[in-house]
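A.B. asks: Next comes the structure file coords_25.txt, holding compact mmCIF, C-alpha atoms.
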# COMPACT_ATOMS: atom_id res chain seq x y z
CA MET M 10 107.88 95.69 121.99
CA PRO M 11 109.07 92.08 122.19
CA VAL M 12 110.95 90.76 119.23
CA THR M 13 109.11 87.43 119.25
CA TYR M 14 106.15 89.11 117.58
CA TYR M 15 108.27 89.63 114.48
CA PHE M 16 109.39 86.01 114.51
CA VAL M 17 105.83 84.75 114.83
CA LEU M 18 104.75 86.97 111.95
CA SER M 19 107.67 85.68 109.90
CA ALA M 20 106.67 82.10 110.71
CA ILE M 21 103.06 82.75 109.68
CA LEU M 22 104.10 84.28 106.36
CA PHE M 23 106.52 81.43 105.75
CA THR M 24 103.78 78.87 106.40
CA ILE M 25 101.41 80.64 104.02
CA GLY M 26 104.14 80.57 101.37
CA ALA M 27 104.76 76.88 101.97
CA LEU M 28 101.03 76.20 101.66
CA GLY M 29 101.04 78.07 98.37
CA VAL M 30 103.80 75.87 97.04
CA LEU M 31 101.89 72.76 98.09
CA ILE M 32 98.37 73.69 97.02
CA ARG M 33 98.48 75.85 93.92
CA ARG M 34 98.65 74.38 90.40
CA ASN M 35 99.74 77.44 88.49
CA ALA M 36 103.55 77.40 88.16
CA ILE M 37 103.78 81.18 88.41
CA VAL M 38 101.76 81.31 91.64
CA VAL M 39 104.03 78.59 93.08
CA PHE M 40 106.95 80.85 92.20
CA MET M 41 105.31 83.80 93.92
CA SER M 42 104.82 81.69 97.05
CA VAL M 43 108.55 80.95 97.07
CA GLU M 44 109.18 84.70 96.95
CA LEU M 45 106.83 85.11 99.92
CA MET M 46 108.87 82.56 101.87
CA LEU M 47 112.06 84.46 101.06
CA ASN M 48 110.50 87.67 102.30
CA ALA M 49 109.44 86.03 105.55
CA ALA M 50 113.05 84.97 106.10
CA ASN M 51 114.23 88.51 105.29
CA LEU M 52 111.90 89.90 107.96
CA SER M 53 113.43 87.52 110.50
CA PHE M 54 116.93 88.56 109.49
CA VAL M 55 116.22 92.26 109.95
CA ALA M 56 114.51 91.63 113.30
CA PHE M 57 117.59 89.77 114.53
CA SER M 58 119.83 92.49 113.19
CA GLN M 59 117.90 95.08 115.18
CA LEU M 60 117.89 92.91 118.30
CA TYR M 61 121.63 92.50 118.42
CA ASN M 62 122.36 96.01 117.12
CA THR M 63 124.48 94.83 114.22
CA LEU M 64 124.36 95.54 110.51
CA ASN M 65 125.36 92.06 109.36
CA GLY M 66 121.77 90.87 109.16
CA GLN M 67 120.83 93.76 106.91
CA VAL M 68 123.74 93.11 104.56
CA LEU M 69 122.65 89.48 104.37
CA VAL M 70 119.13 90.57 103.44
CA PHE M 71 120.69 92.69 100.70
CA PHE M 72 122.31 89.56 99.30
CA VAL M 73 119.11 87.53 99.65
CA ILE M 74 117.21 90.17 97.66
CA THR M 75 119.87 90.08 94.95
CA VAL M 76 119.92 86.30 94.67
CA ALA M 77 116.12 86.21 94.65
CA ALA M 78 116.07 88.64 91.74
CA ALA M 79 118.50 86.46 89.77
CA GLU M 80 116.47 83.36 90.59
CA VAL M 81 113.23 84.97 89.45
CA ALA M 82 114.78 85.98 86.14
CA VAL M 83 116.05 82.51 85.36
CA GLY M 84 112.94 80.76 86.68
CA LEU M 85 110.54 82.87 84.65
CA ALA M 86 112.69 82.33 81.55
CA LEU M 87 112.37 78.59 82.21
CA ILE M 88 108.60 78.87 82.54
CA VAL M 89 108.36 80.80 79.28
CA ALA M 90 110.52 78.19 77.53
CA ILE M 91 108.36 75.38 78.91
CA PHE M 92 105.20 77.15 77.81
CA LYS M 93 106.54 77.40 74.27
CA THR M 94 106.59 73.60 73.94
CA LYS M 95 103.84 72.37 76.26
CA HIS M 96 101.44 75.32 76.00
CA SER M 97 100.49 74.85 79.62
CA ILE M 98 101.90 75.87 82.98
CA ASN M 99 99.72 73.61 85.07
CA ILE M 100 102.32 71.78 87.10
CA ASP M 101 100.23 68.61 87.00
CA GLU M 102 101.00 68.37 83.30
CA LEU M 103 104.70 69.15 83.61
CA HIS M 104 105.81 65.86 85.08
CA GLU M 105 107.51 64.49 81.99
CA LEU M 106 110.38 65.88 79.96
CA LYS M 107 109.22 64.54 76.62
CA GLN M 108 106.61 66.38 74.65
CA MET I 19 99.29 100.21 123.89
CA THR I 20 102.14 102.14 122.43
CA SER I 21 102.00 103.47 118.92
CA ASP I 22 104.67 100.92 118.00
CA PHE I 23 102.43 98.03 118.90
CA ILE I 24 99.33 99.44 117.18
CA LEU I 25 101.28 100.07 114.00
CA PHE I 26 102.76 96.60 114.11
CA ILE I 27 99.36 94.95 114.58
CA VAL I 28 97.74 96.89 111.75
CA LEU I 29 100.61 96.13 109.37
CA ALA I 30 100.72 92.48 110.43
CA ILE I 31 97.01 92.09 109.69
CA VAL I 32 97.50 93.67 106.25
CA ALA I 33 100.50 91.45 105.53
CA ILE I 34 98.77 88.22 106.54
CA ALA I 35 95.54 89.16 104.76
CA SER I 36 97.36 89.96 101.53
CA ALA I 37 99.39 86.74 101.75
CA LEU I 38 96.22 84.69 102.24
CA SER I 39 94.51 86.52 99.39
CA MET I 40 97.48 85.77 97.17
CA LEU I 41 97.15 82.12 98.13
CA LEU I 42 93.41 81.83 97.58
CA SER I 43 92.88 84.02 94.56
CA ARG I 44 91.81 82.28 91.34
CA ASN I 45 93.26 84.87 89.01
CA ALA I 46 97.05 84.96 88.85
CA ILE I 47 97.11 88.70 88.22
CA TYR I 48 95.20 89.34 91.46
CA SER I 49 97.70 87.09 93.24
CA ALA I 50 100.60 89.12 91.90
CA LEU I 51 98.98 92.40 92.96
CA PHE I 52 98.26 91.07 96.45
CA LEU I 53 101.89 90.05 96.67
CA VAL I 54 102.88 93.62 95.82
CA ILE I 55 100.81 94.80 98.81
CA ASN I 56 102.58 92.23 100.96
CA PHE I 57 105.98 93.43 99.83
CA ALA I 58 105.03 97.02 100.59
CA THR I 59 104.02 96.07 104.16
CA ILE I 60 107.28 94.17 104.59
CA ALA I 61 109.10 97.33 103.47
CA VAL I 62 107.29 99.32 106.17
CA PHE I 63 108.32 96.63 108.67
CA PHE I 64 111.89 97.20 107.60
CA LEU I 65 111.41 100.89 108.33
CA LEU I 66 109.98 100.04 111.77
CA LEU I 67 113.03 97.90 112.44
CA GLY I 68 115.38 100.72 111.60
CA SER I 69 116.68 99.80 108.15
CA PRO I 70 115.63 102.53 105.72
CA PHE I 71 118.08 101.40 103.04
CA LEU I 72 116.58 97.91 102.98
CA ALA I 73 113.06 99.33 102.90
CA MET I 74 113.90 101.30 99.76
CA ALA I 75 115.74 98.33 98.26
CA GLN I 76 112.71 96.13 98.93
CA ILE I 77 110.35 98.58 97.21
CA THR I 78 112.67 99.16 94.28
CA VAL I 79 113.83 95.61 93.60
CA TYR I 80 111.02 93.40 94.86
CA ALA I 81 107.86 95.39 94.34
CA GLY I 82 109.24 97.42 91.46
CA ALA I 83 111.24 94.98 89.37
CA ILE I 84 110.51 91.39 90.33
CA MET I 85 106.74 91.75 90.52
CA VAL I 86 106.64 93.70 87.29
CA LEU I 87 108.54 90.82 85.69
CA PHE I 88 105.97 88.40 87.12
CA LEU I 89 103.11 90.46 85.75
CA PHE I 90 104.74 90.64 82.33
CA VAL I 91 105.17 86.87 82.18
CA ILE I 92 101.62 86.24 83.41
CA MET I 93 100.21 88.49 80.74
CA LEU I 94 102.56 87.12 78.09
CA LEU I 95 101.53 83.53 78.72
CA GLY I 96 97.86 84.33 79.26
CA ALA I 97 98.09 82.41 82.52
CA GLU I 98 95.44 84.21 84.51
CA GLN I 99 93.11 81.28 84.83
CA LEU I 100 93.84 77.63 85.10
CA SER I 101 91.19 75.32 83.72
CA ARG I 102 91.04 72.57 86.27
CA ASP I 103 91.85 71.92 89.89
CA SER I 104 94.27 69.41 91.30
CA ASP I 105 94.03 65.71 90.48
CA LEU I 106 94.27 64.70 94.12
CA PRO I 107 91.22 65.74 96.16
CA TRP I 108 92.85 64.93 99.50
CA GLN I 109 95.79 67.21 98.83
CA ARG I 110 94.30 70.45 100.08
CA PRO I 111 93.19 69.28 103.58
CA VAL I 112 96.46 67.42 104.19
CA ALA I 113 98.45 70.49 103.15
CA ILE I 114 96.46 72.70 105.51
CA ILE I 115 96.94 70.26 108.39
CA LEU I 116 100.68 70.08 107.73
CA GLY I 117 100.84 73.86 107.52
CA VAL I 118 99.18 74.20 110.92
CA VAL I 119 101.63 71.64 112.34
CA LEU I 120 104.55 73.64 110.95
CA LEU I 121 103.16 76.83 112.45
CA VAL I 122 102.66 75.29 115.90
CA GLU I 123 106.14 73.79 115.76
CA THR I 124 107.82 77.09 114.91
CA GLY I 125 105.77 78.83 117.59
CA ILE I 126 106.99 76.36 120.19
CA ILE I 127 110.59 76.79 119.04
CA ILE I 128 110.38 80.59 119.10
CA TYR I 129 108.91 80.73 122.58
CA SER I 130 111.26 78.14 124.02
CA LEU I 131 114.37 79.96 122.83
CA GLY I 132 113.98 82.58 125.49
CA PHE I 133 113.65 85.75 123.44
CA GLN I 134 111.02 87.00 125.85
CA ASP I 135 113.27 89.73 127.14
CA GLY I 136 114.45 90.74 123.71
CA LEU I 137 112.92 94.17 123.55
CA LEU I 138 113.27 96.20 120.40
CA PRO I 139 113.77 99.94 120.68
CA SER I 140 110.88 102.09 119.58
CA PHE I 141 111.13 103.21 115.99
CA SER I 142 110.92 106.85 116.94
CA SER I 143 114.13 106.62 118.96
CA PHE I 144 116.50 105.80 116.10
CA ALA I 145 119.24 108.24 115.20
CA SER I 146 118.55 109.83 111.86
CA ASP I 147 121.54 108.17 110.22
CA TYR I 148 121.24 104.70 111.71
CA ALA I 149 121.71 102.01 109.07
CA SER I 150 122.03 104.67 106.42
CA PRO I 151 123.49 103.64 103.05
CA VAL I 152 126.88 104.86 104.30
CA ASP I 153 126.83 102.42 107.21
CA ILE I 154 125.60 99.54 105.07
CA GLY I 155 128.26 100.35 102.51
CA MET I 156 131.01 100.34 105.12
CA VAL I 157 130.03 96.85 106.25
CA LEU I 158 129.34 95.62 102.73
CA PHE I 159 132.61 96.68 101.17
CA ASN I 160 134.86 95.86 104.12
CA GLU I 161 133.63 92.57 105.53
CA TYR I 162 131.52 91.26 102.66
CA LEU I 163 133.62 92.23 99.67
CA LEU I 164 134.01 88.69 98.34
CA PRO I 165 130.25 87.88 98.47
CA PHE I 166 129.60 91.20 96.77
CA GLU I 167 131.90 90.39 93.86
CA VAL I 168 130.57 86.84 93.60
CA THR I 169 127.02 88.22 93.53
CA SER I 170 127.92 90.38 90.57
CA VAL I 171 129.14 87.29 88.72
CA LEU I 172 125.91 85.54 89.74
CA LEU I 173 123.82 88.33 88.25
CA LEU I 174 125.83 88.13 85.03
CA VAL I 175 125.25 84.38 84.84
CA ALA I 176 121.53 84.85 85.50
CA MET I 177 121.29 87.41 82.74
CA ILE I 178 123.06 85.15 80.25
CA GLY I 179 120.97 82.19 81.34
CA ALA I 180 117.70 84.04 80.91
CA ILE I 181 118.68 85.14 77.41
CA VAL I 182 119.89 81.68 76.36
CA LEU I 183 116.74 79.98 77.66
CA THR I 184 114.39 82.15 75.64
CA LYS I 185 116.41 82.42 72.47
CA ARG I 186 114.72 81.29 69.31
CA GLN I 187 116.15 77.99 68.18
CA LYS I 188 117.66 77.94 64.71
CA SER I 189 115.84 74.94 63.25
If you convert what's in this file into structure tokens, what do you get?

C.D. replies:
Amino acid sequence: MPVTYYFVLSAILFTIGALGVLIRRNAIVVFMSVELMLNAANLSFVAFSQLYNTLNGQVLVFFVITVAAAEVAVGLALIVAIFKTKHSINIDELHELKQ
Amino acid sequence: MTSDFILFIVLAIVAIASALSMLLSRNAIYSALFLVINFATIAVFFLLLGSPFLAMAQITVYAGAIMVLFLFVIMLLGAEQLSRDSDLPWQRPVAIILGVVLLVETGIIIYSLGFQDGLLPSFSSFASDYASPVDIGMVLFNEYLLPFEVTSVLLLVAMIGAIVLTKRQKS
């Protein structure tokens, strides 16, 4: 089965994630779209790793998953902290630092 | 029509449908649950591509920990619904047009790179211990030891950061 199918699928998922970042107003859904983009890239990595019969791609995906977990923890903590002051996570209202 | 191809098409349809549903759903909890479905299909893709360790890591970390964290925060903030739509009415069509342009561009790049003869082996032909945790560990701890240690420091910093950001201020 040709490997380009996996790349096209990865591109489609990445585009859907990018659209989510552009269109959605809810900060948490924007965050979830970023995670979708990371997963699309992971799929590409593993497809390449299988194509060239090497394990380096899979180890890199391992690191991407780890860094994504750390990023989600800090990002959600930020969103919770912002919500405590502004009482809203609509990103249209989050364009100023002052309260 | 090999079984490989049929399985890939079915899973690809599920993945794209769940991603689109995550994008278009009004309720943030439904979006999070659709994303869990998407992560599960990606994990099965990892299995198809011969990486069982990554498939289990994907289920455990992404679908099991990260999405649970998302759901907790959504329910904590009561952020299921947002009251109003975007301020800019032209934003949605322009974003869709740009998304289509990006998709066409990446399609052109993929097909011009000449991967046409890159054939993947069928998933039923893998050795039972291919890309087992032992193999991943050998590569991880021999070639990638420094990134591994740095990642552990990164996780420590993320933990401290998350705690500091949500600490109650003494005022």

A.B. asks: Please provide as a ChimeraX atom specification all residues within 12 Å of Ala90 (chain M), with the sequence filter that same-chain residues fewer than 3 positions apart are discarded (counting all atoms listed in the file).

C.D. replies: /M:83-87,93-98 /I:91,94-95,179-187

A.B. asks: Go through M:Gly66, M:Val38, M:Leu103, M:Ser19 one by one, measure the shortest atom-to-atom distance of each to chain I using all atoms listed in the file, and give the residue with the smallest value.

C.D. replies: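 Smallest distance to chain I is found for M:Val38.
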
A.B. asks: Counting all atoms listed in the file, which residues from chain I have an atom at most 6 Å from any atom of chain M, and could you show them as a PDB file with C-alpha atoms, keeping the file's coordinate frame?

C.D. replies:
ATOM      1  CA  LEU I  41      97.150  82.120  98.130  1.00  0.00           C
ATOM      2  CA  GLY I 117     100.840  73.860 107.520  1.00  0.00           C
ATOM      3  CA  GLY I 136     114.450  90.740 123.710  1.00  0.00           C
ATOM      4  CA  LEU I 137     112.920  94.170 123.550  1.00  0.00           C
ATOM      5  CA  LEU I 138     113.270  96.200 120.400  1.00  0.00           C
ATOM      6  CA  LEU I 173     123.820  88.330  88.250  1.00  0.00           C
ATOM      7  CA  ALA I 176     121.530  84.850  85.500  1.00  0.00           C
ATOM      8  CA  ALA I 180     117.700  84.040  80.910  1.00  0.00           C
ATOM      9  CA  THR I 184     114.390  82.150  75.640  1.00  0.00           C
TER      10      THR I 184
END

A.B. asks: Let me have the centre and edge lengths in Å, one decimal, of the box along x, y and z around every listed atom of region 82-88 of chain I with 8 Å of margin on each side, as AutoDock Vina command-line options.

C.D. replies:
--center_x 108.6 --center_y 92.9 --center_z 88.6 --size_x 21.3 --size_y 25.0 --size_z 21.8

A.B. asks: Please indicate the distance in Å from CA of Ser49 (chain I) to CA of Ala83 (chain I), rounded to one decimal place.

C.D. replies: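 One can read the CA of Ser49 (chain I) to CA of Ala83 (chain I) distance as 16.1 Å.
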
A.B. asks: Could you tell me how far CA of Phe90 (chain I) sits from CA of Phe64 (chain I), in Å to one decimal place?

C.D. replies: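 Between CA of Phe64 (chain I) and CA of Phe90 (chain I) the gap is 27.1 Å.
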
A.B. asks: Atoms are missing here; could region 146-160 of chain I be completed with N, CA and C atoms and written as a PDB file, in the coordinates of the input?

C.D. replies:
ATOM      1  N   SER I 146     119.019 109.591 113.223  1.00  0.00           N
ATOM      2  CA  SER I 146     118.550 109.830 111.860  1.00  0.00           C
ATOM      3  C   SER I 146     119.438 109.147 110.839  1.00  0.00           C
ATOM      4  N   ASP I 147     120.677 108.794 111.213  1.00  0.00           N
ATOM      5  CA  ASP I 147     121.540 108.170 110.220  1.00  0.00           C
ATOM      6  C   ASP I 147     121.867 106.735 110.590  1.00  0.00           C
ATOM      7  N   TYR I 148     121.000 106.097 111.384  1.00  0.00           N
ATOM      8  CA  TYR I 148     121.240 104.700 111.710  1.00  0.00           C
ATOM      9  C   TYR I 148     120.950 103.839 110.487  1.00  0.00           C
ATOM     10  N   ALA I 149     121.849 102.906 110.210  1.00  0.00           N
ATOM     11  CA  ALA I 149     121.710 102.010 109.070  1.00  0.00           C
ATOM     12  C   ALA I 149     121.442 102.780 107.790  1.00  0.00           C
ATOM     13  N   SER I 150     122.109 103.929 107.668  1.00  0.00           N
ATOM     14  CA  SER I 150     122.030 104.670 106.420  1.00  0.00           C
ATOM     15  C   SER I 150     122.814 103.929 105.355  1.00  0.00           C
ATOM     16  N   PRO I 151     122.681 104.286 104.092  1.00  0.00           N
ATOM     17  CA  PRO I 151     123.490 103.640 103.050  1.00  0.00           C
ATOM     18  C   PRO I 151     124.979 103.715 103.320  1.00  0.00           C
ATOM     19  N   VAL I 152     125.443 104.768 103.988  1.00  0.00           N
ATOM     20  CA  VAL I 152     126.880 104.860 104.300  1.00  0.00           C
ATOM     21  C   VAL I 152     127.285 103.728 105.227  1.00  0.00           C
ATOM     22  N   ASP I 153     126.489 103.479 106.265  1.00  0.00           N
ATOM     23  CA  ASP I 153     126.830 102.420 107.210  1.00  0.00           C
ATOM     24  C   ASP I 153     126.774 101.051 106.555  1.00  0.00           C
ATOM     25  N   ILE I 154     125.713 100.833 105.761  1.00  0.00           N
ATOM     26  CA  ILE I 154     125.600  99.540 105.070  1.00  0.00           C
ATOM     27  C   ILE I 154     126.776  99.374 104.117  1.00  0.00           C
ATOM     28  N   GLY I 155     127.143 100.449 103.436  1.00  0.00           N
ATOM     29  CA  GLY I 155     128.260 100.350 102.510  1.00  0.00           C
ATOM     30  C   GLY I 155     129.567 100.041 103.201  1.00  0.00           C
ATOM     31  N   MET I 156     129.769 100.633 104.384  1.00  0.00           N
ATOM     32  CA  MET I 156     131.010 100.340 105.120  1.00  0.00           C
ATOM     33  C   MET I 156     131.112  98.860 105.449  1.00  0.00           C
ATOM     34  N   VAL I 157     129.999  98.280 105.922  1.00  0.00           N
ATOM     35  CA  VAL I 157     130.030  96.850 106.250  1.00  0.00           C
ATOM     36  C   VAL I 157     130.148  96.015 104.978  1.00  0.00           C
ATOM     37  N   LEU I 158     129.414  96.434 103.947  1.00  0.00           N
ATOM     38  CA  LEU I 158     129.340  95.620 102.730  1.00  0.00           C
ATOM     39  C   LEU I 158     130.701  95.550 102.044  1.00  0.00           C
ATOM     40  N   PHE I 159     131.376  96.677 101.941  1.00  0.00           N
ATOM     41  CA  PHE I 159     132.610  96.680 101.170  1.00  0.00           C
ATOM     42  C   PHE I 159     133.842  96.362 101.999  1.00  0.00           C
ATOM     43  N   ASN I 160     133.701  96.255 103.306  1.00  0.00           N
ATOM     44  CA  ASN I 160     134.860  95.860 104.120  1.00  0.00           C
ATOM     45  C   ASN I 160     134.805  94.398 104.493  1.00  0.00           C
TER      46      ASN I 160
END
